[in-house]
$ cat query02.cif   # mmCIF, C-alpha atoms
data_run
loop_
_atom_site.label_atom_id
_atom_site.label_comp_id
_atom_site.auth_asym_id
_atom_site.auth_seq_id
_atom_site.Cartn_x
_atom_site.Cartn_y
_atom_site.Cartn_z
CA MET D 29 16.35 12.97 -15.12
CA ARG D 30 17.57 12.71 -11.52
CA VAL D 31 14.64 11.94 -9.20
CA ALA D 32 14.58 11.63 -5.42
CA HIS D 33 11.70 9.81 -3.74
CA MET D 34 11.43 10.77 -0.07
CA ILE D 35 9.37 8.68 2.37
CA ASP D 36 8.81 8.51 6.13
CA ASN D 37 10.23 4.98 6.44
CA LEU D 38 10.92 1.79 4.51
CA TYR D 39 9.15 -0.56 6.91
CA PHE D 40 5.92 -1.90 5.42
CA GLY D 41 2.82 -0.50 3.72
CA GLY D 42 1.19 0.50 0.48
CA ALA D 43 3.38 3.57 -0.06
CA GLN D 44 6.54 1.55 0.46
CA THR D 45 5.32 -1.19 -1.88
CA LEU D 46 4.70 1.43 -4.57
CA LEU D 47 8.35 2.51 -4.38
CA VAL D 48 9.37 -1.02 -5.34
CA THR D 49 6.75 -1.13 -8.11
CA PHE D 50 8.04 2.18 -9.51
CA ALA D 51 11.67 1.04 -9.33
CA ARG D 52 10.81 -2.12 -11.26
CA ALA D 53 8.78 -0.21 -13.83
CA ILE D 54 11.66 2.15 -14.70
CA ARG D 55 14.61 -0.24 -14.52
CA GLU D 56 14.66 -0.72 -18.28
CA GLN D 57 14.38 3.03 -18.88
CA PRO D 58 17.59 5.07 -18.50
CA ARG D 59 15.58 8.30 -18.59
CA ILE D 60 15.24 8.26 -14.76
CA SER D 61 18.03 7.95 -12.20
CA LEU D 62 16.29 7.09 -8.93
CA THR D 63 17.37 7.71 -5.34
CA ILE D 64 15.22 6.79 -2.32
CA ILE D 65 15.55 8.94 0.81
CA SER D 66 14.11 7.45 4.00
CA LEU D 67 13.53 9.68 7.03
CA ARG D 68 13.88 6.76 9.42
CA LYS D 69 16.45 3.99 9.70
CA TYR D 70 15.87 0.65 11.42
CA ASP D 71 18.49 -1.53 13.08
CA LYS D 72 18.12 -4.17 10.36
CA LYS D 73 17.40 -3.97 6.67
CA THR D 74 13.69 -4.22 5.93
CA PRO D 75 12.31 -6.31 3.05
CA ILE D 76 11.44 -3.07 1.23
CA GLU D 77 15.02 -1.79 1.50
CA GLU D 78 16.38 -5.15 0.36
CA SER D 79 14.02 -5.18 -2.63
CA LEU D 80 15.04 -1.67 -3.65
CA ARG D 81 18.75 -2.38 -3.34
CA GLY D 82 18.25 -5.64 -5.24
CA LEU D 83 16.86 -3.55 -8.11
CA GLY D 84 19.98 -1.39 -8.07
CA VAL D 85 18.28 1.61 -6.48
CA ARG D 86 20.36 3.92 -4.34
CA VAL D 87 18.90 4.13 -0.81
CA VAL D 88 19.89 6.95 1.57
CA PHE D 89 18.84 7.42 5.20
CA ILE D 90 18.61 10.90 6.68
CA SER D 91 16.94 10.18 10.00
CA ALA D 92 16.19 11.95 13.25
CA LYS D 93 14.31 11.17 16.46
CA LYS D 94 11.65 13.80 15.84
CA LEU D 95 10.01 15.50 12.88
CA TRP D 96 11.37 18.97 13.47
CA ASP D 97 15.13 18.57 13.75
CA PRO D 98 17.03 21.57 12.29
CA PHE D 99 20.17 19.50 11.79
CA ARG D 100 18.31 16.91 9.71
CA LEU D 101 16.66 19.63 7.65
CA TRP D 102 20.08 21.14 6.99
CA ARG D 103 21.41 17.71 5.97
CA LEU D 104 18.48 17.22 3.62
CA ILE D 105 18.95 20.60 1.97
CA ARG D 106 22.69 20.04 1.60
CA PHE D 107 22.21 16.54 0.15
CA LEU D 108 19.54 17.61 -2.34
CA HIS D 109 21.65 20.58 -3.47
CA ARG D 110 24.80 18.48 -3.86
CA GLU D 111 23.04 15.78 -5.87
CA GLN D 112 21.29 18.30 -8.15
CA PHE D 113 18.00 16.45 -8.39
CA ASP D 114 15.52 17.58 -11.02
CA VAL D 115 12.43 16.53 -9.04
CA ILE D 116 11.58 15.40 -5.51
CA HIS D 117 8.62 13.05 -5.04
CA THR D 118 7.41 12.77 -1.43
CA HIS D 119 5.30 10.09 0.26
CA LEU D 120 3.51 10.25 3.65
CA SER D 121 3.19 13.16 6.04
CA CYS D 122 6.72 13.73 7.38
CA ALA D 123 8.23 13.49 3.91
CA ASN D 124 5.54 15.78 2.50
CA ILE D 125 6.46 18.38 5.12
CA LEU D 126 10.26 18.15 5.10
CA GLY D 127 10.55 17.40 1.40
CA SER D 128 8.48 20.42 0.42
CA ILE D 129 10.47 22.75 2.68
CA SER D 130 13.89 21.49 1.60
CA GLY D 131 12.81 21.42 -2.03
CA ARG D 132 11.56 24.99 -1.92
CA ILE D 133 14.76 26.20 -0.27
CA GLY D 134 16.87 24.27 -2.78
CA GLY D 135 14.86 25.40 -5.80
CA ILE D 136 13.80 21.85 -6.70
CA PRO D 137 10.15 21.17 -7.68
CA VAL D 138 8.26 18.75 -5.43
CA ILE D 139 5.50 16.31 -6.31
CA ALA D 140 3.70 15.25 -3.12
CA SER D 141 1.67 12.05 -2.88
CA ILE D 142 -1.31 11.48 -0.59
CA HIS D 143 -1.77 7.80 0.23
CA ASN D 144 -4.32 7.75 3.04
CA LEU D 145 -7.91 8.80 3.64
CA GLY D 146 -7.68 9.40 7.38
CA GLU D 147 -5.36 10.96 9.89
CA ASP D 148 -3.96 7.83 11.56
CA GLU D 149 -0.47 8.46 10.18
CA TRP D 150 -0.04 11.67 12.20
CA GLY D 151 -0.11 10.03 15.62
CA ARG D 152 -0.48 12.01 18.81
CA PHE D 153 0.77 15.25 17.25
CA SER D 154 -1.96 15.01 14.61
CA ASN D 155 -3.14 18.63 14.70
CA ILE D 156 0.36 20.08 14.43
CA ARG D 157 1.54 17.72 11.72
CA ARG D 158 -1.70 17.94 9.80
CA GLY D 159 -1.51 21.74 9.83
CA LEU D 160 2.11 21.71 8.67
CA GLU D 161 1.38 19.22 5.92
CA THR D 162 -1.70 21.11 4.75
CA PHE D 163 0.32 24.34 4.49
CA ALA D 164 3.10 22.56 2.63
CA LEU D 165 0.74 20.91 0.16
CA ARG D 166 -1.13 24.15 -0.49
CA HIS D 167 1.81 26.50 -0.84
CA LEU D 168 5.19 24.77 -1.23
CA VAL D 169 4.81 21.90 -3.71
CA HIS D 170 4.46 22.00 -7.47
CA SER D 171 1.62 19.48 -7.57
CA VAL D 172 -0.24 16.99 -5.39
CA MET D 173 -0.89 13.44 -6.53
CA ALA D 174 -3.43 11.08 -4.91
CA VAL D 175 -3.20 7.31 -5.23
CA GLY D 176 -6.87 6.98 -6.17
CA HIS D 177 -10.02 8.93 -6.99
CA THR D 178 -11.57 8.60 -3.53
CA THR D 179 -8.36 9.72 -1.86
CA ALA D 180 -8.33 12.81 -4.08
CA GLU D 181 -11.96 13.65 -3.32
CA VAL D 182 -11.50 13.29 0.44
CA HIS D 183 -8.64 15.81 0.50
CA ARG D 184 -9.96 18.41 -2.00
CA LYS D 185 -11.61 20.64 0.61
CA ARG D 186 -8.53 20.46 2.81
CA LEU D 187 -6.27 21.76 0.03
CA GLY D 188 -8.53 24.58 -1.12
CA LYS D 189 -7.66 25.83 -4.59
CA LYS D 190 -4.73 23.44 -4.95
CA SER D 191 -5.59 20.80 -7.54
CA ILE D 192 -5.13 17.12 -6.76
CA ILE D 193 -4.25 14.73 -9.57
CA PRO D 194 -5.57 11.17 -9.15
CA VAL D 195 -3.03 8.62 -10.33
CA PRO D 196 -4.43 5.21 -9.29
CA ASN D 197 -2.01 2.66 -7.91
CA ALA D 198 -0.57 -0.10 -10.06
CA THR D 199 0.77 -3.58 -9.50
CA GLU D 200 2.66 -6.26 -11.38
CA LEU D 201 1.04 -9.55 -12.30
CA ILE D 202 1.90 -12.35 -9.89
CA PRO D 203 2.80 -15.55 -11.75
CA PRO D 204 1.25 -18.85 -10.70
CA LEU D 205 3.38 -21.23 -8.65
CA PRO D 206 4.34 -24.68 -9.89
CA SER D 207 1.72 -27.10 -8.61
CA ASP D 208 4.13 -28.92 -6.27
CA GLU D 209 5.24 -25.65 -4.65
CA SER D 210 1.62 -24.51 -4.28
CA VAL D 211 0.81 -27.79 -2.54
CA LEU D 212 3.69 -27.24 -0.11
CA VAL D 213 2.45 -23.74 0.75
CA ARG D 214 -1.11 -24.95 1.26
CA MET D 215 0.15 -27.79 3.44
CA GLU D 216 2.06 -25.27 5.54
CA LEU D 217 -1.07 -23.17 5.97
CA THR D 218 -3.67 -25.87 6.57
CA GLY D 219 -2.03 -29.28 6.79
CA ASP D 220 -4.25 -30.43 3.90
CA ALA D 221 -3.72 -29.10 0.37
CA SER D 222 -7.35 -29.81 -0.57
CA ILE D 223 -8.80 -27.44 2.03
CA PRO D 224 -10.12 -24.08 0.70
CA VAL D 225 -7.80 -21.23 1.71
CA LEU D 226 -9.28 -17.76 2.28
CA LEU D 227 -6.60 -15.08 2.55
CA SER D 228 -6.60 -11.54 3.91
CA GLY D 229 -3.61 -9.28 4.50
CA GLY D 230 -2.69 -5.93 5.97
CA ARG D 231 -1.93 -4.17 9.23
CA LEU D 232 -3.96 -5.37 12.18
CA VAL D 233 -5.67 -2.05 12.86
CA GLU D 234 -9.27 -1.02 13.45
CA GLU D 235 -9.94 0.38 9.98
CA LYS D 236 -9.18 -2.97 8.34
CA GLY D 237 -12.28 -4.49 9.96
CA TYR D 238 -10.71 -7.79 10.98
CA GLY D 239 -13.17 -8.16 13.84
CA ASP D 240 -15.98 -8.17 11.27
CA LEU D 241 -14.06 -10.69 9.17
CA LEU D 242 -13.74 -13.12 12.08
CA THR D 243 -17.43 -12.72 12.91
CA ALA D 244 -18.30 -13.41 9.28
CA PHE D 245 -15.99 -16.40 9.13
CA ALA D 246 -17.69 -17.93 12.16
CA GLU D 247 -20.84 -18.06 9.99
CA VAL D 248 -18.89 -19.39 7.01
CA HIS D 249 -17.45 -22.12 9.21
CA GLN D 250 -20.91 -23.47 9.92
CA ALA D 251 -21.56 -24.07 6.21
CA HIS D 252 -17.97 -24.87 5.18
CA PRO D 253 -16.19 -26.38 8.19
CA ALA D 254 -13.15 -27.39 6.10
CA ALA D 255 -12.33 -23.85 4.94
CA THR D 256 -9.38 -22.06 6.56
CA LEU D 257 -9.00 -18.30 7.03
CA VAL D 258 -5.42 -17.01 6.87
CA ILE D 259 -4.59 -13.43 7.92
CA ALA D 260 -1.11 -12.10 7.12
CA GLY D 261 -0.02 -8.96 8.94
CA GLU D 262 0.92 -7.49 12.28
CA GLY D 263 -0.34 -4.58 14.35
CA PRO D 264 -1.79 -3.41 17.65
CA LEU D 265 -4.93 -5.58 17.41
CA GLN D 266 -3.00 -8.87 17.36
CA SER D 267 -3.89 -9.97 20.90
CA MET D 268 -7.51 -8.81 20.60
CA LEU D 269 -8.00 -10.80 17.40
CA GLU D 270 -6.39 -13.86 18.98
CA GLU D 271 -8.89 -13.60 21.83
CA GLN D 272 -11.76 -13.28 19.36
CA VAL D 273 -10.61 -16.39 17.52
CA THR D 274 -10.70 -18.30 20.80
CA SER D 275 -14.08 -16.92 21.85
CA LEU D 276 -15.57 -17.99 18.49
CA ASN D 277 -13.97 -21.45 18.76
CA LEU D 278 -12.12 -20.95 15.48
CA GLN D 279 -8.64 -21.97 16.67
CA GLY D 280 -8.43 -24.88 14.26
CA CYS D 281 -9.46 -22.98 11.14
CA VAL D 282 -8.07 -19.44 11.53
CA ARG D 283 -4.37 -18.63 11.32
CA LEU D 284 -2.86 -15.27 12.22
CA LEU D 285 0.50 -15.46 10.46
CA GLY D 286 2.02 -12.16 11.53
CA ALA D 287 4.14 -10.20 9.07
CA ARG D 288 5.13 -12.20 5.99
CA ARG D 289 7.76 -11.59 3.35
CA ASP D 290 6.21 -14.04 0.89
CA MET D 291 2.81 -12.55 0.10
CA PRO D 292 3.08 -13.42 -3.62
CA ARG D 293 3.49 -17.10 -2.67
CA LEU D 294 0.53 -16.92 -0.29
CA LEU D 295 -1.63 -15.22 -2.92
CA ALA D 296 -0.66 -17.70 -5.61
CA SER D 297 -1.58 -20.58 -3.28
CA SER D 298 -4.94 -19.30 -2.02
CA ASP D 299 -8.49 -19.61 -3.36
CA ILE D 300 -10.26 -16.36 -2.42
CA TYR D 301 -9.04 -12.98 -1.18
CA LEU D 302 -11.05 -11.14 1.49
CA SER D 303 -11.06 -7.46 2.46
CA SER D 304 -13.27 -6.30 5.32
CA SER D 305 -12.01 -2.70 5.53
CA HIS D 306 -14.06 0.10 7.06
CA SER D 307 -11.90 2.70 5.31
CA GLU D 308 -9.66 2.41 2.28
CA GLY D 309 -8.23 4.48 -0.54
CA LEU D 310 -7.14 2.23 -3.37
CA SER D 311 -6.02 -1.02 -1.75
CA ILE D 312 -2.68 -2.34 -2.97
CA ALA D 313 -3.56 -5.66 -1.31
CA ILE D 314 -6.69 -6.05 -3.44
CA LEU D 315 -4.79 -5.12 -6.60
CA GLU D 316 -2.13 -7.71 -5.79
CA ALA D 317 -4.74 -10.39 -5.06
CA MET D 318 -6.43 -9.79 -8.40
CA ALA D 319 -3.03 -9.72 -10.12
CA ALA D 320 -2.50 -13.22 -8.72
CA GLY D 321 -5.77 -14.37 -10.28
CA LEU D 322 -7.84 -14.50 -7.09
CA PRO D 323 -11.55 -13.68 -6.89
CA VAL D 324 -12.21 -11.01 -4.27
CA VAL D 325 -14.88 -10.48 -1.66
CA ALA D 326 -14.52 -6.92 -0.35
CA THR D 327 -16.37 -4.12 1.39
CA ASN D 328 -17.54 -1.16 -0.64
CA VAL D 329 -15.10 1.50 0.58
CA GLY D 330 -12.83 3.90 -1.25
CA ASP D 331 -12.01 2.91 -4.82
CA THR D 332 -12.73 -0.78 -4.25
CA ALA D 333 -15.84 -0.84 -6.44
CA ARG D 334 -13.79 0.71 -9.29
CA VAL D 335 -11.41 -2.26 -9.09
CA VAL D 336 -13.55 -5.22 -8.09
CA VAL D 337 -15.86 -4.83 -11.06
CA LYS D 338 -18.64 -7.18 -12.09
CA GLY D 339 -17.31 -10.62 -12.84
CA THR D 340 -14.13 -10.29 -10.76
CA GLY D 341 -15.53 -10.56 -7.24
CA LEU D 342 -18.32 -9.57 -4.89
CA ILE D 343 -18.83 -6.26 -3.08
CA VAL D 344 -20.70 -5.93 0.23
CA PRO D 345 -21.35 -3.00 2.59
CA PRO D 346 -18.80 -2.37 5.36
CA HIS D 347 -19.72 -3.24 8.97
CA GLU D 348 -22.03 -6.04 7.77
CA PRO D 349 -20.44 -9.39 8.73
CA SER D 350 -23.51 -11.43 7.73
CA GLN D 351 -23.47 -10.06 4.18
CA LEU D 352 -19.73 -10.66 4.04
CA ALA D 353 -20.31 -14.27 5.13
CA ASP D 354 -23.03 -14.78 2.52
CA ALA D 355 -20.75 -13.56 -0.27
CA ILE D 356 -17.90 -15.81 0.86
CA CYS D 357 -20.23 -18.81 1.01
CA LEU D 358 -21.54 -18.03 -2.46
CA LEU D 359 -18.05 -18.35 -3.94
CA LEU D 360 -17.21 -21.42 -1.87
CA ASP D 361 -20.41 -23.04 -3.13
CA GLU D 362 -19.50 -22.35 -6.77
CA PRO D 363 -15.90 -23.34 -7.64
CA ASP D 364 -16.48 -22.59 -11.32
CA ARG D 365 -17.43 -19.02 -10.49
CA GLN D 366 -14.31 -18.75 -8.34
CA LYS D 367 -12.15 -19.67 -11.32
CA SER D 368 -13.91 -17.39 -13.80
CA PHE D 369 -13.82 -14.44 -11.38
CA GLY D 370 -10.12 -15.04 -10.69
CA SER D 371 -9.23 -15.16 -14.37
CA ALA D 372 -11.25 -12.02 -15.10
CA ALA D 373 -9.62 -10.24 -12.14
CA ARG D 374 -6.14 -10.92 -13.45
CA THR D 375 -7.06 -9.71 -16.92
CA PHE D 376 -8.66 -6.54 -15.54
CA ILE D 377 -5.52 -5.64 -13.57
CA LYS D 378 -3.31 -6.34 -16.58
CA ASN D 379 -5.37 -4.04 -18.78
CA ASN D 380 -6.06 -1.21 -16.33
CA TYR D 381 -3.46 -1.09 -13.54
CA ASN D 382 -0.19 -2.03 -15.19
CA PRO D 383 3.00 -0.42 -13.82
CA ALA D 384 4.38 0.73 -17.19
CA ASP D 385 1.45 3.06 -17.92
CA TRP D 386 1.36 4.22 -14.30
CA ALA D 387 5.09 5.06 -14.30
CA ASN D 388 4.72 6.92 -17.60
CA THR D 389 1.95 9.07 -16.12
CA ILE D 390 4.15 9.94 -13.16
CA TYR D 391 7.08 10.68 -15.48
CA GLU D 392 4.93 13.19 -17.34
CA LEU D 393 4.26 14.93 -14.02
CA TYR D 394 8.01 15.09 -13.42
CA LEU D 395 8.58 16.62 -16.85
CA SER D 396 5.89 19.22 -16.27
CA ALA D 397 7.33 20.16 -12.87
CA SER D 398 10.93 20.35 -14.06
CA LYS D 399 10.06 22.64 -16.97
CA GLN D 400 8.41 25.17 -14.68
CA VAL D 401 11.37 25.76 -12.39
#

$ encode --input "query02.cif" --output "C-alpha cells"
Amino acid sequence: MRVAHMIDNLYFGGAQTLLVTFARAIREQPRISLTIISLRKYDKKTPIEESLRGLGVRVVFISAKKLWDPFRLWRLIRFLHREQFDVIHTHLSCANILGSISGRIGGIPVIASIHNLGEDEWGRFSNIRRGLETFALRHLVHSVMAVGHTTAEVHRKRLGKKSIIPVPNATELIPPLPSDESVLVRMELTGDASIPVLLSGGRLVEEKGYGDLLTAFAEVHQAHPAATLVIAGEGPLQSMLEEQVTSLNLQGCVRLLGARRDMPRLLASSDIYLSSSHSEGLSIAILEAMAAGLPVVATNVGDTARVVVKGTGLIVPPHEPSQLADAICLLLDEPDRQKSFGSAARTFIKNNYNPADWANTIYELYLSASKQV
C-alpha cells in the first residue's frame, strides 16, 4: 500500500514526532510504502527530517509562502496523481485543508488527524482557516482520527454528523543510559550528579503553564534546595520565564535549555517529569517520560489522567501551583515511591501505548478507506 503523510511542517511538535514513531513502527513491514509531504521547507534540515530520512523514508517538500497558492495546489494534485497513492493521511490544519482538496480531486481517500484541542495553530487567520478546515473535515475526507479521547470529544460538535475515531498516541520505550553516561548528563545539567533533576519539556507557550511551574518550584526549593528544575524547549515566553526565574531568585537551580535534540538522554538521566499544562490533548511528552521510566507529576487536563494512572505518578488540578509543589515534594521526600512509580509507568506504556498496536490500528483505517474508493 502506497501511503502519503502530509503535514504543515517538519519542525518540532507532537504531530511531527508521531511521524517518526509511525515510520519506525512500519519499517519491518513491507505492506506500507511511506512518503512524507511537508508543506513548508526550512533552510536547514530539521531533526525530524533527519530522523525520517535516517529511517529510509522518502521526504518531499511542496511549499509556498501562503496557504492558498493555486500553483502549490496544482503541484500537489499532480504529484499525488503521478505517484498513485492509495491513501493520504493529513496532520495539522493546512495539510488537512490542502490534502483533503487535492485528495478529493485526485480520487484518493484521505484520513485527517486532529492533534490539538485549541485554535492556536491557525494564527491570525484563525476564522478563515478554521472554517476551511471544518468544511474539509466534514465533507471531503473519508474519516477523521483524533490523537486521544479528549481531543475527539472537544471537536465532535464542530464536525456535526462526521464521526471522529480516537486513536491514542503511542511511543517507543526509552532504554536506560549506561551509568557513566547518565552521570555525565547530570553533571552537564547541574554540576553535581547527586542532585535531584526535575525535567519538563515542550514549547514555551501560555497553555503549557510554565509560569505556574516556576511558582511551584519556588516552594519546592524551600524544602529541597538541592533540587534542580530543567526545562527543555523554546517559544515566545522565553524572555518572560527568564525574568520570572530572576524575580524568584531561582537562577542557580532552574535551567532553561532551549530546544534540545537529545530528549531521550535527558529523560533517561532525570528523576521526575513535570507537566503543568493548562490545556492538553494526549501529551507525547508525558508518554515519552513514562516510557523512560520516570514518575510523573502532571495537571489533570485532556487525557492525562488516562495515562498517569494510580501508581505511576500524581495528578493535580491545573492553575494550582501550591498543589503542584506539594506533589513534587511528596515524591522528592520518598525516593522509593519515585522508583516504584517510574517502573510502573514504563510497564503501563509498554502494555497500553506501544507503537506496533497503534500502527496496526491506523493501517486498518487505511484498508477501510482504500476499499471504499

$ resolve_selection --input "query02.cif" --expression "the PyMOL selection byres ((chain D and resi 76-82) around 9)" --output "PyMOL selection string"
chain D and resi 38-40+44-45+47-48+51-52+64+73-75+83-87

$ closest_residue --input "query02.cif" --among "D:Leu360, D:Ala313, D:Ala32, D:Ala296" --to "D:Ser207" --atoms "only C-alpha atoms"
D:Ala296

$ closest_residue --input "query02.cif" --among "D:Pro98, D:Ser121, D:Val273, D:Thr243" --to "D:Asp36" --atoms "all atoms listed in the file"
D:Ser121

$ closest_residue --input "query02.cif" --among "D:Asn124, D:Val233, D:Leu205, D:Arg186" --to "D:Val169" --atoms "only C-alpha atoms"
D:Asn124

$ resolve_selection --input "query02.cif" --expression "the PyMOL selection byres ((chain D and resi 217) around 10)" --output "list in words"
Val211, Leu212, Val213, Arg214, Met215, Glu216, Thr218, Gly219, Asp220, Ala221, Ile223, Val225, Thr256, Leu257, Val258, Cys281, Val282, Arg283, Leu285, Leu294, Ser297 and Ser298 of chain D

$ closest_residue --input "query02.cif" --among "D:Ala260, D:Leu104, D:Ile116, D:Val138" --to "D:Phe89" --atoms "all atoms listed in the file"
D:Leu104

$ atom_distance --input "query02.cif" --atom1 "atom CA of D:Trp102" --atom2 "atom CA of D:Lys399"
26.0 Å

$ residues_near_point --input "query02.cif" --point "(-10.4, 5.2, -6.4)" --cutoff "7 Å" --atoms "only C-alpha atoms" --output "MDAnalysis selection string"
chainID D and resid 176:179 196 309:310 330:332 334

$ closest_residue --input "query02.cif" --among "D:Pro194, D:Leu168, D:Glu181, D:Ile90" --to "D:Leu393" --atoms "only C-alpha atoms"
D:Pro194

$ closest_residue --input "query02.cif" --among "D:Leu276, D:Ala287, D:Leu67, D:Leu46" --to "D:Ile312" --atoms "only C-alpha atoms"
D:Leu46

$ atom_distance --input "query02.cif" --atom1 "atom CA of D:Ser141" --atom2 "atom CA of D:Tyr394"
12.7 Å

$ atom_distance --input "query02.cif" --atom1 "atom CA of D:Met34" --atom2 "atom CA of D:Ala180"
20.3 Å

$ build_atoms --input "query02.cif" --residues "stretch 298-315 of chain D" --atoms "N, CA, C and O atoms" --output "PDB file, in the frame of the given file"
ATOM      1  N   SER D 298      -3.640 -19.440  -2.681  1.00  0.00           N
ATOM      2  CA  SER D 298      -4.940 -19.300  -2.020  1.00  0.00           C
ATOM      3  C   SER D 298      -6.074 -19.409  -3.023  1.00  0.00           C
ATOM      4  O   SER D 298      -5.852 -19.451  -4.238  1.00  0.00           O
ATOM      5  N   ASP D 299      -7.307 -19.436  -2.503  1.00  0.00           N
ATOM      6  CA  ASP D 299      -8.490 -19.610  -3.360  1.00  0.00           C
ATOM      7  C   ASP D 299      -9.312 -18.331  -3.501  1.00  0.00           C
ATOM      8  O   ASP D 299      -9.828 -18.038  -4.581  1.00  0.00           O
ATOM      9  N   ILE D 300      -9.448 -17.573  -2.414  1.00  0.00           N
ATOM     10  CA  ILE D 300     -10.260 -16.360  -2.420  1.00  0.00           C
ATOM     11  C   ILE D 300      -9.562 -15.319  -1.561  1.00  0.00           C
ATOM     12  O   ILE D 300      -8.992 -15.653  -0.508  1.00  0.00           O
ATOM     13  N   TYR D 301      -9.589 -14.054  -1.993  1.00  0.00           N
ATOM     14  CA  TYR D 301      -9.040 -12.980  -1.180  1.00  0.00           C
ATOM     15  C   TYR D 301     -10.177 -12.185  -0.544  1.00  0.00           C
ATOM     16  O   TYR D 301     -11.183 -11.874  -1.202  1.00  0.00           O
ATOM     17  N   LEU D 302     -10.017 -11.847   0.743  1.00  0.00           N
ATOM     18  CA  LEU D 302     -11.050 -11.140   1.490  1.00  0.00           C
ATOM     19  C   LEU D 302     -10.538  -9.810   2.005  1.00  0.00           C
ATOM     20  O   LEU D 302      -9.413  -9.707   2.505  1.00  0.00           O
ATOM     21  N   SER D 303     -11.369  -8.776   1.885  1.00  0.00           N
ATOM     22  CA  SER D 303     -11.060  -7.460   2.460  1.00  0.00           C
ATOM     23  C   SER D 303     -12.287  -6.945   3.188  1.00  0.00           C
ATOM     24  O   SER D 303     -13.338  -6.755   2.581  1.00  0.00           O
ATOM     25  N   SER D 304     -12.145  -6.718   4.481  1.00  0.00           N
ATOM     26  CA  SER D 304     -13.270  -6.300   5.320  1.00  0.00           C
ATOM     27  C   SER D 304     -13.125  -4.859   5.795  1.00  0.00           C
ATOM     28  O   SER D 304     -13.710  -4.458   6.794  1.00  0.00           O
ATOM     29  N   SER D 305     -12.360  -4.053   5.081  1.00  0.00           N
ATOM     30  CA  SER D 305     -12.010  -2.700   5.530  1.00  0.00           C
ATOM     31  C   SER D 305     -13.217  -1.813   5.788  1.00  0.00           C
ATOM     32  O   SER D 305     -14.222  -1.873   5.074  1.00  0.00           O
ATOM     33  N   HIS D 306     -13.078  -0.956   6.799  1.00  0.00           N
ATOM     34  CA  HIS D 306     -14.060   0.100   7.060  1.00  0.00           C
ATOM     35  C   HIS D 306     -13.684   1.372   6.310  1.00  0.00           C
ATOM     36  O   HIS D 306     -14.537   2.232   6.074  1.00  0.00           O
ATOM     37  N   SER D 307     -12.406   1.504   5.992  1.00  0.00           N
ATOM     38  CA  SER D 307     -11.900   2.700   5.310  1.00  0.00           C
ATOM     39  C   SER D 307     -10.736   2.274   4.429  1.00  0.00           C
ATOM     40  O   SER D 307      -9.887   1.486   4.842  1.00  0.00           O
ATOM     41  N   GLU D 308     -10.710   2.802   3.217  1.00  0.00           N
ATOM     42  CA  GLU D 308      -9.660   2.410   2.280  1.00  0.00           C
ATOM     43  C   GLU D 308      -9.577   3.454   1.179  1.00  0.00           C
ATOM     44  O   GLU D 308     -10.563   4.074   0.828  1.00  0.00           O
ATOM     45  N   GLY D 309      -8.378   3.661   0.653  1.00  0.00           N
ATOM     46  CA  GLY D 309      -8.230   4.480  -0.540  1.00  0.00           C
ATOM     47  C   GLY D 309      -8.352   3.576  -1.749  1.00  0.00           C
ATOM     48  O   GLY D 309      -9.432   3.175  -2.151  1.00  0.00           O
ATOM     49  N   LEU D 310      -7.206   3.245  -2.312  1.00  0.00           N
ATOM     50  CA  LEU D 310      -7.140   2.230  -3.370  1.00  0.00           C
ATOM     51  C   LEU D 310      -6.196   1.150  -2.851  1.00  0.00           C
ATOM     52  O   LEU D 310      -4.990   1.340  -2.772  1.00  0.00           O
ATOM     53  N   SER D 311      -6.765   0.027  -2.465  1.00  0.00           N
ATOM     54  CA  SER D 311      -6.020  -1.020  -1.750  1.00  0.00           C
ATOM     55  C   SER D 311      -5.004  -1.713  -2.644  1.00  0.00           C
ATOM     56  O   SER D 311      -5.368  -2.367  -3.627  1.00  0.00           O
ATOM     57  N   ILE D 312      -3.727  -1.598  -2.279  1.00  0.00           N
ATOM     58  CA  ILE D 312      -2.680  -2.340  -2.970  1.00  0.00           C
ATOM     59  C   ILE D 312      -2.900  -3.838  -2.781  1.00  0.00           C
ATOM     60  O   ILE D 312      -2.682  -4.641  -3.698  1.00  0.00           O
ATOM     61  N   ALA D 313      -3.355  -4.230  -1.591  1.00  0.00           N
ATOM     62  CA  ALA D 313      -3.560  -5.660  -1.310  1.00  0.00           C
ATOM     63  C   ALA D 313      -4.584  -6.264  -2.255  1.00  0.00           C
ATOM     64  O   ALA D 313      -4.405  -7.389  -2.750  1.00  0.00           O
ATOM     65  N   ILE D 314      -5.670  -5.536  -2.516  1.00  0.00           N
ATOM     66  CA  ILE D 314      -6.690  -6.050  -3.440  1.00  0.00           C
ATOM     67  C   ILE D 314      -6.134  -6.111  -4.860  1.00  0.00           C
ATOM     68  O   ILE D 314      -6.350  -7.092  -5.588  1.00  0.00           O
ATOM     69  N   LEU D 315      -5.400  -5.098  -5.271  1.00  0.00           N
ATOM     70  CA  LEU D 315      -4.790  -5.120  -6.600  1.00  0.00           C
ATOM     71  C   LEU D 315      -3.873  -6.334  -6.750  1.00  0.00           C
ATOM     72  O   LEU D 315      -3.893  -7.030  -7.774  1.00  0.00           O
TER      73      LEU D 315
END
